[in-house]
$ cat coords-v2.cif   # mmCIF, C-alpha atoms, pLDDT in the B column; chains and numbers go by the auth columns
data_my_file
loop_
_atom_site.group_PDB
_atom_site.id
_atom_site.type_symbol
_atom_site.label_atom_id
_atom_site.label_comp_id
_atom_site.label_asym_id
_atom_site.label_seq_id
_atom_site.Cartn_x
_atom_site.Cartn_y
_atom_site.Cartn_z
_atom_site.B_iso_or_equiv
_atom_site.auth_seq_id
_atom_site.auth_asym_id
ATOM 1 C CA MET A 1 58.872 78.723 76.338 38.00 1 L
ATOM 2 C CA LEU A 2 55.888 76.765 75.102 41.00 2 L
ATOM 3 C CA LEU A 3 55.323 73.660 77.183 41.00 3 L
ATOM 4 C CA LEU A 4 55.145 70.563 75.042 42.00 4 L
ATOM 5 C CA ASP A 5 54.208 68.269 77.911 41.00 5 L
ATOM 6 C CA LYS A 6 50.739 68.663 79.352 41.00 6 L
ATOM 7 C CA PRO A 7 51.096 70.690 82.548 45.00 7 L
ATOM 8 C CA GLU A 8 49.352 69.653 85.739 48.00 8 L
ATOM 9 C CA PRO A 9 46.787 70.915 86.371 49.00 9 L
ATOM 10 C CA LYS A 10 45.747 70.951 82.766 48.00 10 L
ATOM 11 C CA GLY A 11 45.708 74.317 81.074 48.00 11 L
ATOM 12 C CA PHE A 12 48.044 77.090 80.240 54.00 12 L
ATOM 13 C CA HIS A 13 50.543 77.233 83.006 54.00 13 L
ATOM 14 C CA PRO A 14 48.748 78.271 85.136 64.00 14 L
ATOM 15 C CA THR A 15 45.435 80.007 84.664 72.00 15 L
ATOM 16 C CA GLU A 16 44.110 81.151 87.980 82.00 16 L
ATOM 17 C CA TRP A 17 41.276 82.976 89.721 85.00 17 L
ATOM 18 C CA ALA A 18 40.803 84.808 93.000 91.00 18 L
ATOM 19 C CA TYR A 19 37.510 85.628 94.726 92.00 19 L
ATOM 20 C CA GLN A 20 36.315 87.970 97.428 94.00 20 L
ATOM 21 C CA HIS A 21 32.874 87.944 99.090 95.00 21 L
ATOM 22 C CA ARG A 22 31.871 91.220 100.751 94.00 22 L
ATOM 23 C CA THR A 23 28.823 92.946 102.159 93.00 23 L
ATOM 24 C CA ALA A 24 27.117 96.113 101.008 86.00 24 L
ATOM 25 C CA ASP A 25 28.450 98.006 104.024 87.00 25 L
ATOM 26 C CA GLY A 26 32.085 97.235 103.346 88.00 26 L
ATOM 27 C CA GLN A 27 32.894 94.112 105.336 94.00 27 L
ATOM 28 C CA VAL A 28 34.929 91.361 103.689 94.00 28 L
ATOM 29 C CA LEU A 29 33.413 87.988 104.598 95.00 29 L
ATOM 30 C CA TRP A 30 35.597 85.525 102.729 93.00 30 L
ATOM 31 C CA LEU A 31 38.676 85.333 100.509 93.00 31 L
ATOM 32 C CA SER A 32 39.413 82.309 98.345 90.00 32 L
ATOM 33 C CA GLY A 33 42.567 80.541 99.465 88.00 33 L
ATOM 34 C CA ILE A 34 42.262 82.137 102.903 91.00 34 L
ATOM 35 C CA GLY A 35 38.739 81.386 104.121 92.00 35 L
ATOM 36 C CA ASP A 36 36.254 83.253 106.288 94.00 36 L
ATOM 37 C CA VAL A 37 37.459 86.660 107.454 93.00 37 L
ATOM 38 C CA ASP A 38 35.987 89.777 109.022 93.00 38 L
ATOM 39 C CA PHE A 39 37.793 92.807 107.651 91.00 39 L
ATOM 40 C CA GLU A 40 36.705 96.234 106.590 93.00 40 L
ATOM 41 C CA VAL A 41 37.340 96.801 102.888 92.00 41 L
ATOM 42 C CA GLY A 42 40.603 98.687 102.541 92.00 42 L
ATOM 43 C CA SER A 43 41.755 98.064 106.105 93.00 43 L
ATOM 44 C CA GLY A 44 45.340 97.102 106.805 93.00 44 L
ATOM 45 C CA GLU A 45 44.284 93.532 107.530 91.00 45 L
ATOM 46 C CA HIS A 46 42.379 93.387 104.286 93.00 46 L
ATOM 47 C CA LEU A 47 45.237 94.717 102.176 92.00 47 L
ATOM 48 C CA ALA A 48 47.696 92.366 103.877 91.00 48 L
ATOM 49 C CA ALA A 49 45.399 89.419 103.195 91.00 49 L
ATOM 50 C CA LEU A 50 45.054 90.405 99.531 89.00 50 L
ATOM 51 C CA ARG A 51 48.844 90.441 99.208 87.00 51 L
ATOM 52 C CA GLU A 52 48.977 86.910 100.611 87.00 52 L
ATOM 53 C CA GLN A 53 45.898 85.584 98.814 87.00 53 L
ATOM 54 C CA PRO A 54 46.772 82.671 96.526 81.00 54 L
ATOM 55 C CA PHE A 55 44.951 82.308 93.230 81.00 55 L
ATOM 56 C CA THR A 56 43.248 78.975 92.642 77.00 56 L
ATOM 57 C CA VAL A 57 44.327 77.078 89.540 77.00 57 L
ATOM 58 C CA ASN A 58 41.657 76.349 86.982 76.00 58 L
ATOM 59 C CA ALA A 59 41.109 74.265 83.878 85.00 59 L
ATOM 60 C CA LEU A 60 40.741 75.050 80.228 88.00 60 L
ATOM 61 C CA ALA A 61 37.655 73.440 78.741 93.00 61 L
ATOM 62 C CA ASP A 62 38.007 71.724 75.388 94.00 62 L
ATOM 63 C CA GLU A 63 36.252 74.602 73.639 96.00 63 L
ATOM 64 C CA GLY A 64 38.700 77.033 75.188 93.00 64 L
ATOM 65 C CA GLU A 65 41.712 75.009 74.112 91.00 65 L
ATOM 66 C CA GLN A 66 40.394 74.724 70.574 95.00 66 L
ATOM 67 C CA ASP A 67 39.508 78.387 70.323 96.00 67 L
ATOM 68 C CA MET A 68 42.823 79.689 71.635 92.00 68 L
ATOM 69 C CA LEU A 69 44.824 77.515 69.248 93.00 69 L
ATOM 70 C CA SER A 70 42.523 78.315 66.362 96.00 70 L
ATOM 71 C CA VAL A 71 42.682 82.075 66.866 96.00 71 L
ATOM 72 C CA TYR A 72 46.429 82.268 67.356 93.00 72 L
ATOM 73 C CA PHE A 73 47.741 79.676 64.913 95.00 73 L
ATOM 74 C CA ARG A 74 45.001 79.420 62.282 97.00 74 L
ATOM 75 C CA ALA A 75 43.653 82.970 62.198 96.00 75 L
ATOM 76 C CA GLY A 76 40.303 81.760 63.507 96.00 76 L
ATOM 77 C CA THR A 77 37.641 84.240 64.518 95.00 77 L
ATOM 78 C CA ALA A 78 38.458 85.719 67.885 96.00 78 L
ATOM 79 C CA PRO A 79 35.762 86.324 70.506 96.00 79 L
ATOM 80 C CA THR A 80 34.425 89.871 70.598 96.00 80 L
ATOM 81 C CA ASN A 81 34.434 89.953 74.382 95.00 81 L
ATOM 82 C CA PHE A 82 34.678 87.662 77.358 96.00 82 L
ATOM 83 C CA TYR A 83 32.186 87.203 80.182 97.00 83 L
ATOM 84 C CA ILE A 84 32.584 85.663 83.628 96.00 84 L
ATOM 85 C CA GLY A 85 29.674 83.612 84.935 97.00 85 L
ATOM 86 C CA LEU A 86 28.895 81.580 88.047 97.00 86 L
ATOM 87 C CA LEU A 87 27.677 78.003 88.418 97.00 87 L
ATOM 88 C CA ASN A 88 26.296 75.702 91.051 96.00 88 L
ATOM 89 C CA SER A 89 27.531 72.509 89.395 95.00 89 L
ATOM 90 C CA THR A 90 30.852 70.891 88.535 95.00 90 L
ATOM 91 C CA PRO A 91 31.931 71.386 84.927 95.00 91 L
ATOM 92 C CA THR A 92 34.335 69.119 83.068 94.00 92 L
ATOM 93 C CA ASP A 93 36.638 69.661 80.106 93.00 93 L
ATOM 94 C CA THR A 94 33.854 68.662 77.736 96.00 94 L
ATOM 95 C CA THR A 95 31.252 71.005 79.226 97.00 95 L
ATOM 96 C CA THR A 96 29.684 73.503 76.823 97.00 96 L
ATOM 97 C CA LEU A 97 27.217 76.319 77.402 97.00 97 L
ATOM 98 C CA ALA A 98 24.515 73.982 76.142 97.00 98 L
ATOM 99 C CA THR A 99 25.392 71.229 78.609 97.00 99 L
ATOM 100 C CA MET A 100 26.345 73.213 81.690 96.00 100 L
ATOM 101 C CA THR A 101 23.817 73.440 84.492 95.00 101 L
ATOM 102 C CA GLY A 102 23.279 75.485 87.620 95.00 102 L
ATOM 103 C CA GLU A 103 23.868 79.014 86.378 96.00 103 L
ATOM 104 C CA PRO A 104 22.035 81.462 88.672 95.00 104 L
ATOM 105 C CA SER A 105 19.282 83.665 87.361 90.00 105 L
ATOM 106 C CA GLY A 106 17.363 86.471 88.907 89.00 106 L
ATOM 107 C CA ASN A 107 18.179 88.869 91.750 91.00 107 L
ATOM 108 C CA GLY A 108 20.539 90.896 89.603 92.00 108 L
ATOM 109 C CA TYR A 109 22.686 88.080 88.258 95.00 109 L
ATOM 110 C CA ALA A 110 24.270 88.701 84.864 95.00 110 L
ATOM 111 C CA ARG A 111 27.472 87.377 83.322 96.00 111 L
ATOM 112 C CA SER A 112 30.071 90.058 83.825 96.00 112 L
ATOM 113 C CA LEU A 113 31.855 91.603 80.864 96.00 113 L
ATOM 114 C CA VAL A 114 35.641 91.404 80.529 96.00 114 L
ATOM 115 C CA GLU A 115 36.496 93.433 77.451 96.00 115 L
ATOM 116 C CA ARG A 116 38.877 91.840 74.958 96.00 116 L
ATOM 117 C CA ASN A 117 41.329 94.710 75.192 96.00 117 L
ATOM 118 C CA SER A 118 43.633 96.389 77.663 95.00 118 L
ATOM 119 C CA THR A 119 40.659 97.571 79.722 95.00 119 L
ATOM 120 C CA GLY A 120 39.463 94.046 80.381 95.00 120 L
ATOM 121 C CA TRP A 121 43.055 92.830 80.745 95.00 121 L
ATOM 122 C CA PRO A 122 44.862 95.838 82.194 96.00 122 L
ATOM 123 C CA THR A 123 47.991 93.992 83.281 94.00 123 L
ATOM 124 C CA LEU A 124 50.385 92.121 81.001 95.00 124 L
ATOM 125 C CA THR A 125 53.738 91.853 82.708 92.00 125 L
ATOM 126 C CA LEU A 126 56.626 89.538 83.408 91.00 126 L
ATOM 127 C CA ASN A 127 56.095 87.529 86.550 84.00 127 L
ATOM 128 C CA ALA A 128 58.944 85.285 87.724 82.00 128 L
ATOM 129 C CA GLY A 129 60.290 85.207 84.193 85.00 129 L
ATOM 130 C CA ASP A 130 57.039 84.417 82.410 84.00 130 L
ATOM 131 C CA TYR A 131 54.406 86.736 80.982 88.00 131 L
ATOM 132 C CA ARG A 132 51.082 86.954 82.768 88.00 132 L
ATOM 133 C CA ALA A 133 47.811 88.691 81.870 91.00 133 L
ATOM 134 C CA VAL A 134 45.458 89.728 84.676 92.00 134 L
ATOM 135 C CA SER A 135 41.816 90.619 84.111 94.00 135 L
ATOM 136 C CA SER A 136 39.898 93.502 85.562 94.00 136 L
ATOM 137 C CA THR A 137 38.179 92.560 88.806 93.00 137 L
ATOM 138 C CA GLU A 138 34.536 91.889 88.067 93.00 138 L
ATOM 139 C CA THR A 139 31.777 92.033 90.656 93.00 139 L
ATOM 140 C CA PHE A 140 28.543 90.112 91.007 95.00 140 L
ATOM 141 C CA THR A 141 26.010 91.811 93.272 92.00 141 L
ATOM 142 C CA ALA A 142 22.767 90.322 94.557 93.00 142 L
ATOM 143 C CA SER A 143 19.823 92.688 94.675 88.00 143 L
ATOM 144 C CA GLY A 144 16.315 91.947 95.881 85.00 144 L
ATOM 145 C CA GLY A 145 17.199 88.376 96.863 90.00 145 L
ATOM 146 C CA SER A 146 20.125 85.992 96.972 93.00 146 L
ATOM 147 C CA ILE A 147 22.383 84.687 94.225 95.00 147 L
ATOM 148 C CA GLY A 148 23.567 81.165 94.731 93.00 148 L
ATOM 149 C CA PRO A 149 24.718 78.938 96.170 97.00 149 L
ATOM 150 C CA VAL A 150 27.494 78.886 93.604 97.00 150 L
ATOM 151 C CA THR A 151 30.584 76.717 93.506 96.00 151 L
ATOM 152 C CA TYR A 152 32.318 77.485 90.201 95.00 152 L
ATOM 153 C CA ALA A 153 33.105 80.390 87.927 95.00 153 L
ATOM 154 C CA PHE A 154 33.565 80.161 84.194 96.00 154 L
ATOM 155 C CA LEU A 155 34.756 82.287 81.291 95.00 155 L
ATOM 156 C CA THR A 156 32.637 82.410 78.165 97.00 156 L
ATOM 157 C CA THR A 157 32.249 84.429 74.981 97.00 157 L
ATOM 158 C CA VAL A 158 28.581 85.435 75.214 96.00 158 L
ATOM 159 C CA VAL A 159 26.585 87.646 77.535 94.00 159 L
ATOM 160 C CA SER A 160 23.842 85.069 78.016 92.00 160 L
ATOM 161 C CA GLY A 161 22.379 81.990 76.421 91.00 161 L
ATOM 162 C CA THR A 162 24.237 79.087 74.849 93.00 162 L
ATOM 163 C CA ALA A 163 25.399 80.415 71.463 93.00 163 L
ATOM 164 C CA GLY A 164 29.027 80.792 72.479 96.00 164 L
ATOM 165 C CA LEU A 165 32.036 79.009 73.896 97.00 165 L
ATOM 166 C CA PHE A 166 32.696 77.640 77.373 97.00 166 L
ATOM 167 C CA LEU A 167 36.381 78.506 77.716 95.00 167 L
ATOM 168 C CA VAL A 168 37.685 78.103 81.261 92.00 168 L
ATOM 169 C CA TYR A 169 36.296 77.034 84.627 93.00 169 L
ATOM 170 C CA ASN A 170 37.429 77.205 88.201 91.00 170 L
ATOM 171 C CA ALA A 171 36.203 76.059 91.615 91.00 171 L
ATOM 172 C CA LEU A 172 35.537 78.838 94.081 91.00 172 L
ATOM 173 C CA SER A 173 37.057 76.543 96.770 85.00 173 L
ATOM 174 C CA ALA A 174 34.001 77.128 98.971 91.00 174 L
ATOM 175 C CA THR A 175 30.308 77.377 98.262 95.00 175 L
ATOM 176 C CA ARG A 176 29.151 80.988 98.291 96.00 176 L
ATOM 177 C CA THR A 177 25.670 82.457 98.536 97.00 177 L
ATOM 178 C CA LEU A 178 25.332 86.212 98.086 96.00 178 L
ATOM 179 C CA ALA A 179 22.567 87.702 100.206 94.00 179 L
ATOM 180 C CA SER A 180 20.853 90.790 98.819 90.00 180 L
ATOM 181 C CA GLY A 181 23.390 93.607 98.770 88.00 181 L
ATOM 182 C CA GLU A 182 26.424 91.324 98.999 93.00 182 L
ATOM 183 C CA SER A 183 29.024 91.087 96.247 94.00 183 L
ATOM 184 C CA LEU A 184 31.502 88.567 94.907 96.00 184 L
ATOM 185 C CA ASP A 185 34.635 89.998 93.282 95.00 185 L
ATOM 186 C CA VAL A 186 36.336 87.804 90.697 94.00 186 L
ATOM 187 C CA THR A 187 39.784 88.234 89.157 93.00 187 L
ATOM 188 C CA PHE A 188 41.231 85.944 86.477 89.00 188 L
ATOM 189 C CA ARG A 189 44.849 85.636 85.383 87.00 189 L
ATOM 190 C CA LEU A 190 46.714 83.545 82.868 84.00 190 L
ATOM 191 C CA THR A 191 50.423 82.819 82.556 80.00 191 L
ATOM 192 C CA LEU A 192 52.300 81.304 79.638 76.00 192 L
ATOM 193 C CA ALA A 193 55.320 79.417 80.921 70.00 193 L
ATOM 194 C CA MET B 1 16.794 94.044 68.326 54.00 1 M
ATOM 195 C CA ASP B 2 13.279 92.679 67.965 60.00 2 M
ATOM 196 C CA ASP B 3 13.292 91.052 71.372 71.00 3 M
ATOM 197 C CA VAL B 4 14.095 94.107 73.463 71.00 4 M
ATOM 198 C CA GLN B 5 11.862 94.136 76.513 74.00 5 M
ATOM 199 C CA GLU B 6 9.928 97.178 77.638 76.00 6 M
ATOM 200 C CA ILE B 7 10.745 98.553 81.066 78.00 7 M
ATOM 201 C CA THR B 8 7.796 98.068 83.365 79.00 8 M
ATOM 202 C CA ALA B 9 6.686 100.063 86.377 79.00 9 M
ATOM 203 C CA ASP B 10 7.399 96.933 88.406 78.00 10 M
ATOM 204 C CA ASP B 11 11.003 96.910 87.163 78.00 11 M
ATOM 205 C CA VAL B 12 11.523 100.476 88.291 78.00 12 M
ATOM 206 C CA GLN B 13 9.821 99.882 91.632 78.00 13 M
ATOM 207 C CA ARG B 14 11.950 96.829 92.343 77.00 14 M
ATOM 208 C CA ILE B 15 15.189 98.583 91.449 76.00 15 M
ATOM 209 C CA GLU B 16 14.302 101.576 93.564 76.00 16 M
ATOM 210 C CA ALA B 17 13.667 99.251 96.491 75.00 17 M
ATOM 211 C CA THR B 18 16.894 97.267 96.233 75.00 18 M
ATOM 212 C CA PRO B 19 20.533 98.229 96.690 74.00 19 M
ATOM 213 C CA ILE B 20 22.665 98.712 93.618 82.00 20 M
ATOM 214 C CA PRO B 21 26.313 99.591 94.258 82.00 21 M
ATOM 215 C CA ALA B 22 27.670 102.888 93.035 84.00 22 M
ATOM 216 C CA GLY B 23 29.078 102.463 89.556 88.00 23 M
ATOM 217 C CA TYR B 24 26.599 99.734 88.632 89.00 24 M
ATOM 218 C CA VAL B 25 23.335 99.844 86.705 90.00 25 M
ATOM 219 C CA ALA B 26 20.310 97.601 86.359 91.00 26 M
ATOM 220 C CA LEU B 27 19.378 96.214 82.962 91.00 27 M
ATOM 221 C CA ARG B 28 16.409 94.252 81.682 90.00 28 M
ATOM 222 C CA TYR B 29 17.322 91.088 79.783 90.00 29 M
ATOM 223 C CA PRO B 30 16.142 90.707 76.189 89.00 30 M
ATOM 224 C CA ALA B 31 13.422 88.142 75.634 85.00 31 M
ATOM 225 C CA ARG B 32 15.715 85.550 74.093 83.00 32 M
ATOM 226 C CA TYR B 33 17.683 85.061 77.301 82.00 33 M
ATOM 227 C CA PRO B 34 15.983 83.231 80.156 68.00 34 M
ATOM 228 C CA ASN B 35 16.115 84.965 83.508 76.00 35 M
ATOM 229 C CA PRO B 36 13.171 84.610 85.874 74.00 36 M
ATOM 230 C CA ASP B 37 13.109 88.192 87.074 78.00 37 M
ATOM 231 C CA GLY B 38 14.641 89.615 83.915 83.00 38 M
ATOM 232 C CA ILE B 39 17.000 92.021 85.645 87.00 39 M
ATOM 233 C CA GLY B 40 20.788 91.997 85.671 90.00 40 M
ATOM 234 C CA ILE B 41 23.235 94.288 87.452 91.00 41 M
ATOM 235 C CA VAL B 42 26.400 95.243 85.592 92.00 42 M
ATOM 236 C CA ARG B 43 29.117 97.857 85.700 91.00 43 M
ATOM 237 C CA GLU B 44 28.006 101.204 84.363 92.00 44 M
ATOM 238 C CA ARG B 45 31.028 101.383 82.069 91.00 45 M
ATOM 239 C CA HIS B 46 30.004 98.015 80.589 93.00 46 M
ATOM 240 C CA ALA B 47 26.418 99.014 79.927 93.00 47 M
ATOM 241 C CA ALA B 48 26.923 99.913 76.257 93.00 48 M
ATOM 242 C CA THR B 49 28.005 96.364 75.436 93.00 49 M
ATOM 243 C CA TYR B 50 24.897 94.941 77.097 93.00 50 M
ATOM 244 C CA LEU B 51 22.657 97.468 75.361 93.00 51 M
ATOM 245 C CA GLU B 52 24.104 96.380 72.018 92.00 52 M
ATOM 246 C CA ALA B 53 23.106 92.824 72.936 90.00 53 M
ATOM 247 C CA GLY B 54 19.486 93.884 73.442 90.00 54 M
ATOM 248 C CA PHE B 55 19.416 94.689 77.144 91.00 55 M
ATOM 249 C CA ARG B 56 17.488 97.779 78.288 90.00 56 M
ATOM 250 C CA LEU B 57 18.695 100.211 80.915 90.00 57 M
ATOM 251 C CA ILE B 58 16.271 100.359 83.853 86.00 58 M
ATOM 252 C CA THR B 59 17.920 103.051 85.923 70.00 59 M
ATOM 253 C CA ASP B 60 20.881 105.289 85.944 52.00 60 M
ATOM 254 C CA GLU B 61 23.592 104.723 88.521 44.00 61 M
ATOM 255 C CA LYS B 62 22.303 104.561 92.067 45.00 62 M
ATOM 256 C CA GLY B 63 24.410 105.133 95.125 41.00 63 M
#
$ encode --input "coords-v2.cif" --output "structure tokens"
Amino acid sequence: MLLLDKPEPKGFHPTEWAYQHRTADGQVLWLSGIGDVDFEVGSGEHLAALREQPFTVNALADEGEQDMLSVYFRAGTAPTNFYIGLLNSTPTDTTTLATMTGEPSGNGYARSLVERNSTGWPTLTLNAGDYRAVSSTETFTASGGSIGPVTYAFLTTVVSGTAGLFLVYNALSATRTLASGESLDVTFRLTLA
Amino acid sequence: MDDVQEITADDVQRIEATPIPAGYVALRYPARYPNPDGIGIVRERHAATYLEAGFRLITDEKG
């Protein structure tokens, strides 16, 4: 079913993200939707928390809305790949790569590739009667210094710079700063309902 | 790419001194992209895409 009324929150219904902040030596420090934790990666507590972890609903930016409709219905040029980035600012629907602010730089930060294929989106399955695509889990790792603070993640079409589209954005639900050696795992999923 | 950056001895020294997770590699940004220290860490299996965009590989995978 294609929703004709605008869903709340705005976007495909819904597009969501989940985050995990962990240390270099395998301790999980924080899970979005759950809060601060102290688990070993892969422990029973950790796996149980991941099963319970809610995804946080995000928003499609205007450029993302336009591009998705253009590609699917008007045979517009599809992005070659997608990239996840981080921000320390609050985007809006009208934000573009040229107008966004607060993207980290240095200490190993780079927008993380999500291939536009079944590697970048390994899961496409029915979920509660509607189809859902789930991205690969991408990891940001600080090295030689900290990355952040960051408060938002975004999906874009370019590896760096501003010559691309600002597609989707999402609040991390808590400000995160990655100390050297720490990592932030990010997973994105999208459901059509 | 005419803006590919040369790998410097400082790049290598910094990467050797800092932790990079297994399965990840360090890349030097091309000149056209601003990044104060010029180094990004990405998945090893993604490296080819970054290299096509003008990044340079600083090290192989480090554990």
$ resolve_selection --input "coords-v2.cif" --expression "the PyMOL selection byres ((chain M) within 6 of (chain L))" --output "number ranges by chain"
M: 18-19, 33, 35-37, 39-41
$ atom_distance --input "coords-v2.cif" --atom1 "atom CA of L:Val41" --atom2 "atom CA of M:Ala17"
24.6 Å
$ atom_distance --input "coords-v2.cif" --atom1 "atom CA of L:Thr56" --atom2 "atom CA of L:Tyr19"
9.0 Å
$ atom_distance --input "coords-v2.cif" --atom1 "atom CA of M:Pro21" --atom2 "atom CA of L:Arg116"
24.3 Å
$ resolve_selection --input "coords-v2.cif" --expression "the PyMOL selection byres ((chain L and resi 87-103) around 9)" --output "VMD selection string"
chain L and resid 59 to 63 85 to 86 104 to 105 148 to 154 156 161 to 171 175
$ residues_around --input "coords-v2.cif" --residues "stretch 125-129 of chain L" --least-positions-apart "4" --cutoff "9 Å" --atoms "only C-alpha atoms" --output "PDB file with C-alpha atoms, in the coordinates of the input"
ATOM      1  CA  ALA L 133      47.811  88.691  81.870  1.00 91.00           C
ATOM      2  CA  VAL L 134      45.458  89.728  84.676  1.00 92.00           C
ATOM      3  CA  THR L 191      50.423  82.819  82.556  1.00 80.00           C
ATOM      4  CA  ALA L 193      55.320  79.417  80.921  1.00 70.00           C
TER       5      ALA L 193
END
$ resolve_selection --input "coords-v2.cif" --expression "the PyMOL selection byres ((chain M and resi 12) around 12)" --output "compact mmCIF listing (two decimals) with C-alpha atoms, in the frame of the given file"
# COMPACT_ATOMS: atom_id res chain seq x y z
CA GLU M 6 9.93 97.18 77.64
CA ILE M 7 10.74 98.55 81.07
CA THR M 8 7.80 98.07 83.36
CA ALA M 9 6.69 100.06 86.38
CA ASP M 10 7.40 96.93 88.41
CA ASP M 11 11.00 96.91 87.16
CA GLN M 13 9.82 99.88 91.63
CA ARG M 14 11.95 96.83 92.34
CA ILE M 15 15.19 98.58 91.45
CA GLU M 16 14.30 101.58 93.56
CA ALA M 17 13.67 99.25 96.49
CA THR M 18 16.89 97.27 96.23
CA VAL M 25 23.34 99.84 86.70
CA ALA M 26 20.31 97.60 86.36
CA LEU M 27 19.38 96.21 82.96
CA ARG M 28 16.41 94.25 81.68
CA ILE M 39 17.00 92.02 85.64
CA ARG M 56 17.49 97.78 78.29
CA LEU M 57 18.70 100.21 80.92
CA ILE M 58 16.27 100.36 83.85
CA THR M 59 17.92 103.05 85.92
CA ASP M 60 20.88 105.29 85.94
$ residues_near_point --input "coords-v2.cif" --point "(11.9, 93.4, 74.4)" --cutoff "9 Å" --atoms "only C-alpha atoms" --output "ChimeraX atom specification"
/M:1-7,28-32,54-56
$ closest_residue --input "coords-v2.cif" --among "L:Ser136, L:Asn58, L:Thr15, L:Thr177" --to "M:His46" --atoms "all atoms listed in the file"
L:Ser136
$ closest_residue --input "coords-v2.cif" --among "L:Thr187, L:Phe73, L:His46, L:Trp17" --to "L:Leu29" --atoms "all atoms listed in the file"
L:His46
$ closest_residue --input "coords-v2.cif" --among "L:Asp25, L:Gly76, L:Leu50, L:Leu31" --to "M:Ile20" --atoms "all atoms listed in the file"
L:Asp25
$ residues_near_point --input "coords-v2.cif" --point "(31.6, 82.5, 102.1)" --cutoff "9 Å" --atoms "all atoms listed in the file" --output "tab-separated table (two decimals) with C-alpha atoms, in the frame of the given file"
chain	number	residue	atom	x	y	z
L	20	GLN	CA	36.32	87.97	97.43
L	21	HIS	CA	32.87	87.94	99.09
L	22	ARG	CA	31.87	91.22	100.75
L	29	LEU	CA	33.41	87.99	104.60
L	30	TRP	CA	35.60	85.52	102.73
L	31	LEU	CA	38.68	85.33	100.51
L	32	SER	CA	39.41	82.31	98.34
L	35	GLY	CA	38.74	81.39	104.12
L	36	ASP	CA	36.25	83.25	106.29
L	37	VAL	CA	37.46	86.66	107.45
L	174	ALA	CA	34.00	77.13	98.97
L	175	THR	CA	30.31	77.38	98.26
L	176	ARG	CA	29.15	80.99	98.29
L	177	THR	CA	25.67	82.46	98.54
L	178	LEU	CA	25.33	86.21	98.09
$ axis_aligned_box --input "coords-v2.cif" --around "stretch 14-31 of chain M" --padding-each-side "6 Å" --output "JSON"
{"center_x": 20.5, "center_y": 95.5, "center_z": 86.2, "size_x": 29.1, "size_y": 26.7, "size_z": 33.1}
